[in-house]
Amino acid sequence: MTALRFEIEDLYAAYAECLDDGELERWPDFFTDECLYKIIPRENYERGLPLAVMLCESKGMLQDRVEALRRTSVYAPRALRHLLSGIRIKGHEDGLIRVQASYAVLQTLTDEETRVFNAGKYLDRLVRDGGELKFKEKLCVFDSVVVPGSLIYPI
Amino acid sequence: MTALRFEIEDLYAAYAECLDDGELERWPDFFTDECLYKIIPRENYERGLPLAVMLCESKGMLQDRVEALRRTSVYAPRALRHLLSGIRIKGHEDGLIRVQASYAVLQTLTDEETRVFNAGKYLDRLVRDGGELKFKEKLCVFDSVVVPGSLIYPI
Amino acid sequence: MTALRFEIEDLYAAYAECLDDGELERWPDFFTDECLYKIIPRENYERGLPLAVMLCESKGMLQDRVEALRRTSVYAPRALRHLLSGIRIKGHEDGLIRVQASYAVLQTLTDEETRVFNAGKYLDRLVRDGGELKFKEKLCVFDSVVVPGSLIYPI
């Protein structure tokens, strides 16, 4: 139990580090081959509306997403910083671990002060895959009704 | 020791989740029947001035607070997000556990960007009550001298 | 392992508390006599440029820094709040423990709302010194290319 908890904490720290260091090519490796990754506004989530800001339904789609991001260079350079809080095991059965956490992504654009870019909660399902914990499902439910136009990077 | 630490971490995660999910009716259940809940500006706390922004001296008063909030509908809808950091056991004697943590509450109003609404520290006293850890005292000391007019929800 | 992890978490909580409570005189005690403390913009760090915003190469220099800060009274009063996330042991060999964490420092100036003042990551090296874990090296790499003029307090 203690070991699993620490493993999960380290996984989330590594996930945040990957994104904050801009190593997007490593990002899909946090997921199983068949997976669901979704960024969805809180209101849509609560009303059961399917509309998502980002939706990937396999590791291949995650990789495509990264490639598309790398090919596009219209985005201003920015530094991201994930702050996670309240990482918590909400359920654990048949090899499936449900984990919830709150997140805030801070963004620093060149010559600007650091701002809160996006905040919300992760609703995740993890499985052990080849010895390592991976995301089978990662739902990022963010605290806005409006969709930030600049939500182009994974959360 | 390990178990107590995890129990406390989970308690704080659950407390934050309750408030962030807007389930205010469950909020008083985190406290013992006789309790003290207080939101106080840093300066007042340091100078020993009693003036608090919110003060409840029993679970009944917490419940009254929630009812009053629910009856009032003048407040703009908002999403809150608690980020906690440095949850730490500062003392443990005679069944009383002193816990301190830093908090930031992010707020997202409709059509606005997410902002830091309030930040400060929790100075708490926990006891075991019917098997569960509950707040006997929860002091929210926030980092401002001015009182935000919109501090209507519990922190 | 569990004990070391908790010890490190508590150390970081105590470090943040020391700075947030404004007890700067206690700050150098978190370091070994010979140490390196450095605040450096992300770009300089990544390019290997040595230019740092703050640089102290011994505990004595840290103490000098605090004294200088205390003698100067031109700075507006402010409250700082450190939020740490993803505290993680990255290596442990020959008594040297490498720890990484993300941080955000929130700042509240009198009569102003709380803002994100600085965010980035700690890249630290800890050693056991007289029984206690101390920073032999603490690198604060912040997420900006511009140097905030008001970066006068330790991070």
# chains A, B, ... in the order shown; residues from 1 in each chain; ligands from 1
call {"tool": "select_by_dssp", "arguments": {"residues": "range 29-153 of chain C", "states": "helix (DSSP H, G or I)", "output": "ChimeraX atom specification"}}
result
/C:29-30,42-47,59-71
call {"tool": "closest_atom_pairs", "arguments": {"of": "chain B", "to": "chain C", "cutoff": "12 Å", "atoms": "only C-alpha atoms", "output": "tab-separated table"}}
result
residue	atom	partner	partner_atom	distance
B:Met1	CA	C:Ala3	CA	9.8
B:Thr2	CA	C:Thr2	CA	8.0
B:Ala3	CA	C:Thr2	CA	11.3
B:Arg5	CA	C:Phe6	CA	9.1
B:Phe6	CA	C:Phe6	CA	10.7
B:Pro41	CA	C:Ala79	CA	11.2
B:Arg42	CA	C:Ala79	CA	8.9
B:Glu43	CA	C:Ala79	CA	10.2
B:Glu46	CA	C:Asp21	CA	10.5
B:His82	CA	C:Leu83	CA	11.4
B:Leu83	CA	C:Leu83	CA	7.9
B:Leu84	CA	C:Leu83	CA	7.3
B:Ser85	CA	C:Leu83	CA	5.4
B:Gly86	CA	C:Ala13	CA	4.4
B:Ile87	CA	C:Ala13	CA	7.3
B:Arg88	CA	C:Asp10	CA	6.7
B:Ile89	CA	C:Asp10	CA	8.8
B:Lys90	CA	C:Asp10	CA	10.0
B:Val99	CA	C:Ala13	CA	11.8
B:Gln100	CA	C:Ala13	CA	9.4
B:Ala101	CA	C:Ala13	CA	8.3
B:Ser102	CA	C:Leu83	CA	7.1
B:Tyr103	CA	C:Leu83	CA	7.7
B:Ala104	CA	C:Leu83	CA	8.0
B:Val105	CA	C:Thr114	CA	10.3
B:Leu106	CA	C:Thr114	CA	10.2
B:Gln107	CA	C:Thr114	CA	11.7
B:Thr114	CA	C:Arg115	CA	11.3
B:Arg115	CA	C:Arg115	CA	7.9
B:Val116	CA	C:Thr114	CA	6.0
B:Phe117	CA	C:Thr114	CA	7.0
B:Asn118	CA	C:Thr114	CA	6.8
B:Ala119	CA	C:Arg81	CA	7.2
B:Gly120	CA	C:Arg81	CA	6.8
B:Lys121	CA	C:Arg81	CA	8.5
B:Tyr122	CA	C:Glu17	CA	11.8
B:Val141	CA	C:Ala79	CA	11.6
B:Phe142	CA	C:Ala79	CA	9.4
B:Asp143	CA	C:Ala79	CA	5.7
B:Ser144	CA	C:Thr108	CA	6.3
B:Val145	CA	C:Thr110	CA	6.3
B:Val146	CA	C:Asp111	CA	5.9
B:Val147	CA	C:Asp111	CA	9.1
B:Pro148	CA	C:Glu113	CA	8.6
B:Gly149	CA	C:Glu113	CA	11.7
call {"tool": "residues_around", "arguments": {"residues": "Leu139 in chain A", "least_positions_apart": "5", "cutoff": "8 Å", "atoms": "only C-alpha atoms", "output": "list in words"}}
result
Leu36, Tyr37, Lys38, Ile39, Ile40, Tyr122, Leu123 and Asp124 of chain A
call {"tool": "atom_distance", "arguments": {"atom1": "CA of Arg128 in chain A", "atom2": "CA of Thr32 in chain A"}}
result
9.1 Å
call {"tool": "select_by_dssp", "arguments": {"residues": "chain C", "states": "strand (DSSP E)", "output": "ChimeraX atom specification"}}
result
/C:31-41,54-58,78-93,96-109,115-129,132-142
call {"tool": "closest_residue", "arguments": {"among": "A:Arg65, A:Leu151, A:Leu126, A:Pro77", "to": "His92 in chain A", "atoms": "only C-alpha atoms"}}
result
A:Leu126
call {"tool": "atom_distance", "arguments": {"atom1": "CA of Leu96 in chain B", "atom2": "CA of Leu4 in chain B"}}
result
12.5 Å
call {"tool": "decode", "arguments": {"residues": "range 92-140 of chain B", "atoms": "N, CA and C atoms", "output": "CSV table (one decimal), in the first residue's frame"}}
result
chain,number,residue,atom,x,y,z
B,92,HIS,N,1.7,16.2,18.3
B,92,HIS,CA,0.7,15.1,18.5
B,92,HIS,C,0.8,14.7,20.0
B,93,GLU,N,-0.2,15.1,20.8
B,93,GLU,CA,-0.2,14.7,22.2
B,93,GLU,C,-1.6,14.7,22.7
B,94,ASP,N,-1.8,13.7,23.6
B,94,ASP,CA,-3.2,13.5,24.2
B,94,ASP,C,-4.3,13.4,23.2
B,95,GLY,N,-4.0,12.8,22.1
B,95,GLY,CA,-5.0,12.5,21.1
B,95,GLY,C,-5.3,13.7,20.2
B,96,LEU,N,-4.6,14.8,20.4
B,96,LEU,CA,-4.7,16.0,19.6
B,96,LEU,C,-3.6,16.1,18.7
B,97,ILE,N,-3.9,16.3,17.4
B,97,ILE,CA,-2.9,16.3,16.4
B,97,ILE,C,-2.9,17.7,15.8
B,98,ARG,N,-1.8,18.4,15.8
B,98,ARG,CA,-1.7,19.7,15.2
B,98,ARG,C,-1.1,19.6,13.8
B,99,VAL,N,-1.8,20.1,12.8
B,99,VAL,CA,-1.4,20.0,11.5
B,99,VAL,C,-1.4,21.4,10.8
B,100,GLN,N,-0.3,21.7,10.1
B,100,GLN,CA,-0.2,22.9,9.3
B,100,GLN,C,-0.1,22.6,7.8
B,101,ALA,N,-0.6,23.5,7.0
B,101,ALA,CA,-0.5,23.4,5.6
B,101,ALA,C,-0.6,24.8,4.9
B,102,SER,N,0.0,24.9,3.8
B,102,SER,CA,-0.2,26.1,3.0
B,102,SER,C,-1.3,25.8,2.0
B,103,TYR,N,-2.1,26.8,1.7
B,103,TYR,CA,-3.2,26.6,0.7
B,103,TYR,C,-3.3,27.8,-0.3
B,104,ALA,N,-3.7,27.5,-1.4
B,104,ALA,CA,-4.1,28.6,-2.4
B,104,ALA,C,-5.5,28.2,-2.9
B,105,VAL,N,-6.4,29.1,-3.0
B,105,VAL,CA,-7.7,28.9,-3.6
B,105,VAL,C,-7.7,29.6,-4.9
B,106,LEU,N,-7.8,28.9,-6.0
B,106,LEU,CA,-8.0,29.5,-7.4
B,106,LEU,C,-9.5,29.7,-7.6
B,107,GLN,N,-9.8,30.7,-8.3
B,107,GLN,CA,-11.2,31.0,-8.6
B,107,GLN,C,-11.4,31.2,-10.1
B,108,THR,N,-12.4,30.6,-10.7
B,108,THR,CA,-12.7,30.9,-12.1
B,108,THR,C,-14.1,31.3,-12.2
B,109,LEU,N,-14.3,32.6,-12.6
B,109,LEU,CA,-15.6,33.1,-12.8
B,109,LEU,C,-16.0,32.9,-14.3
B,110,THR,N,-17.2,32.8,-14.5
B,110,THR,CA,-17.7,32.5,-15.9
B,110,THR,C,-17.1,33.6,-16.8
B,111,ASP,N,-16.5,33.2,-18.0
B,111,ASP,CA,-16.0,34.1,-19.0
B,111,ASP,C,-14.7,34.8,-18.5
B,112,GLU,N,-14.2,34.4,-17.4
B,112,GLU,CA,-12.9,35.1,-16.9
B,112,GLU,C,-11.8,34.0,-16.8
B,113,GLU,N,-10.6,34.5,-16.7
B,113,GLU,CA,-9.5,33.6,-16.5
B,113,GLU,C,-9.4,33.2,-15.1
B,114,THR,N,-8.7,32.1,-14.8
B,114,THR,CA,-8.5,31.6,-13.5
B,114,THR,C,-7.6,32.6,-12.7
B,115,ARG,N,-7.9,32.9,-11.5
B,115,ARG,CA,-7.1,33.8,-10.7
B,115,ARG,C,-6.8,33.2,-9.3
B,116,VAL,N,-5.8,33.6,-8.6
B,116,VAL,CA,-5.6,33.3,-7.2
B,116,VAL,C,-6.6,34.1,-6.4
B,117,PHE,N,-7.5,33.4,-5.8
B,117,PHE,CA,-8.5,34.1,-5.0
B,117,PHE,C,-8.0,34.4,-3.6
B,118,ASN,N,-7.4,33.4,-3.0
B,118,ASN,CA,-7.0,33.6,-1.6
B,118,ASN,C,-5.8,32.6,-1.3
B,119,ALA,N,-4.8,33.0,-0.6
B,119,ALA,CA,-3.7,32.1,-0.2
B,119,ALA,C,-3.4,32.4,1.2
B,120,GLY,N,-2.9,31.3,1.9
B,120,GLY,CA,-2.5,31.5,3.3
B,120,GLY,C,-2.2,30.1,3.9
B,121,LYS,N,-2.4,30.0,5.2
B,121,LYS,CA,-2.0,28.7,5.8
B,121,LYS,C,-3.2,28.2,6.7
B,122,TYR,N,-3.3,26.9,6.8
B,122,TYR,CA,-4.2,26.3,7.7
B,122,TYR,C,-3.4,26.0,9.0
B,123,LEU,N,-4.0,26.4,10.1
B,123,LEU,CA,-3.4,26.0,11.4
B,123,LEU,C,-4.5,25.2,12.1
B,124,ASP,N,-4.4,23.8,12.1
B,124,ASP,CA,-5.5,23.0,12.5
B,124,ASP,C,-5.2,22.1,13.7
B,125,ARG,N,-6.3,21.7,14.4
B,125,ARG,CA,-6.2,20.7,15.4
B,125,ARG,C,-7.2,19.6,15.1
B,126,LEU,N,-6.7,18.4,15.1
B,126,LEU,CA,-7.5,17.3,14.7
B,126,LEU,C,-7.6,16.3,15.9
B,127,VAL,N,-8.8,15.7,16.0
B,127,VAL,CA,-9.0,14.6,17.0
B,127,VAL,C,-9.7,13.4,16.3
B,128,ARG,N,-9.5,12.3,16.9
B,128,ARG,CA,-10.2,11.1,16.4
B,128,ARG,C,-11.6,11.1,17.0
B,129,ASP,N,-12.6,11.0,16.1
B,129,ASP,CA,-14.0,11.1,16.6
B,129,ASP,C,-14.8,10.0,15.9
B,130,GLY,N,-15.2,8.9,16.7
B,130,GLY,CA,-15.9,7.8,16.1
B,130,GLY,C,-15.0,7.1,15.0
B,131,GLY,N,-13.8,7.0,15.3
B,131,GLY,CA,-12.9,6.3,14.3
B,131,GLY,C,-12.3,7.2,13.3
B,132,GLU,N,-12.9,8.3,13.0
B,132,GLU,CA,-12.4,9.2,11.9
B,132,GLU,C,-11.7,10.5,12.5
B,133,LEU,N,-10.8,10.9,11.7
B,133,LEU,CA,-10.1,12.2,12.1
B,133,LEU,C,-11.1,13.4,11.7
B,134,LYS,N,-11.2,14.3,12.6
B,134,LYS,CA,-12.1,15.5,12.4
B,134,LYS,C,-11.3,16.7,12.8
B,135,PHE,N,-11.7,17.8,12.3
B,135,PHE,CA,-11.2,19.1,12.7
B,135,PHE,C,-11.9,19.6,14.0
B,136,LYS,N,-11.1,19.7,15.0
B,136,LYS,CA,-11.6,20.3,16.3
B,136,LYS,C,-11.4,21.9,16.1
B,137,GLU,N,-10.4,22.2,15.4
B,137,GLU,CA,-10.1,23.6,15.2
B,137,GLU,C,-9.5,23.8,13.8
B,138,LYS,N,-10.0,24.7,13.1
B,138,LYS,CA,-9.4,25.0,11.8
B,138,LYS,C,-9.3,26.5,11.6
B,139,LEU,N,-8.1,27.0,11.5
B,139,LEU,CA,-7.8,28.4,11.4
B,139,LEU,C,-7.2,28.6,10.0
B,140,CYS,N,-7.9,29.5,9.2
B,140,CYS,CA,-7.4,29.8,7.9
B,140,CYS,C,-6.8,31.2,8.0
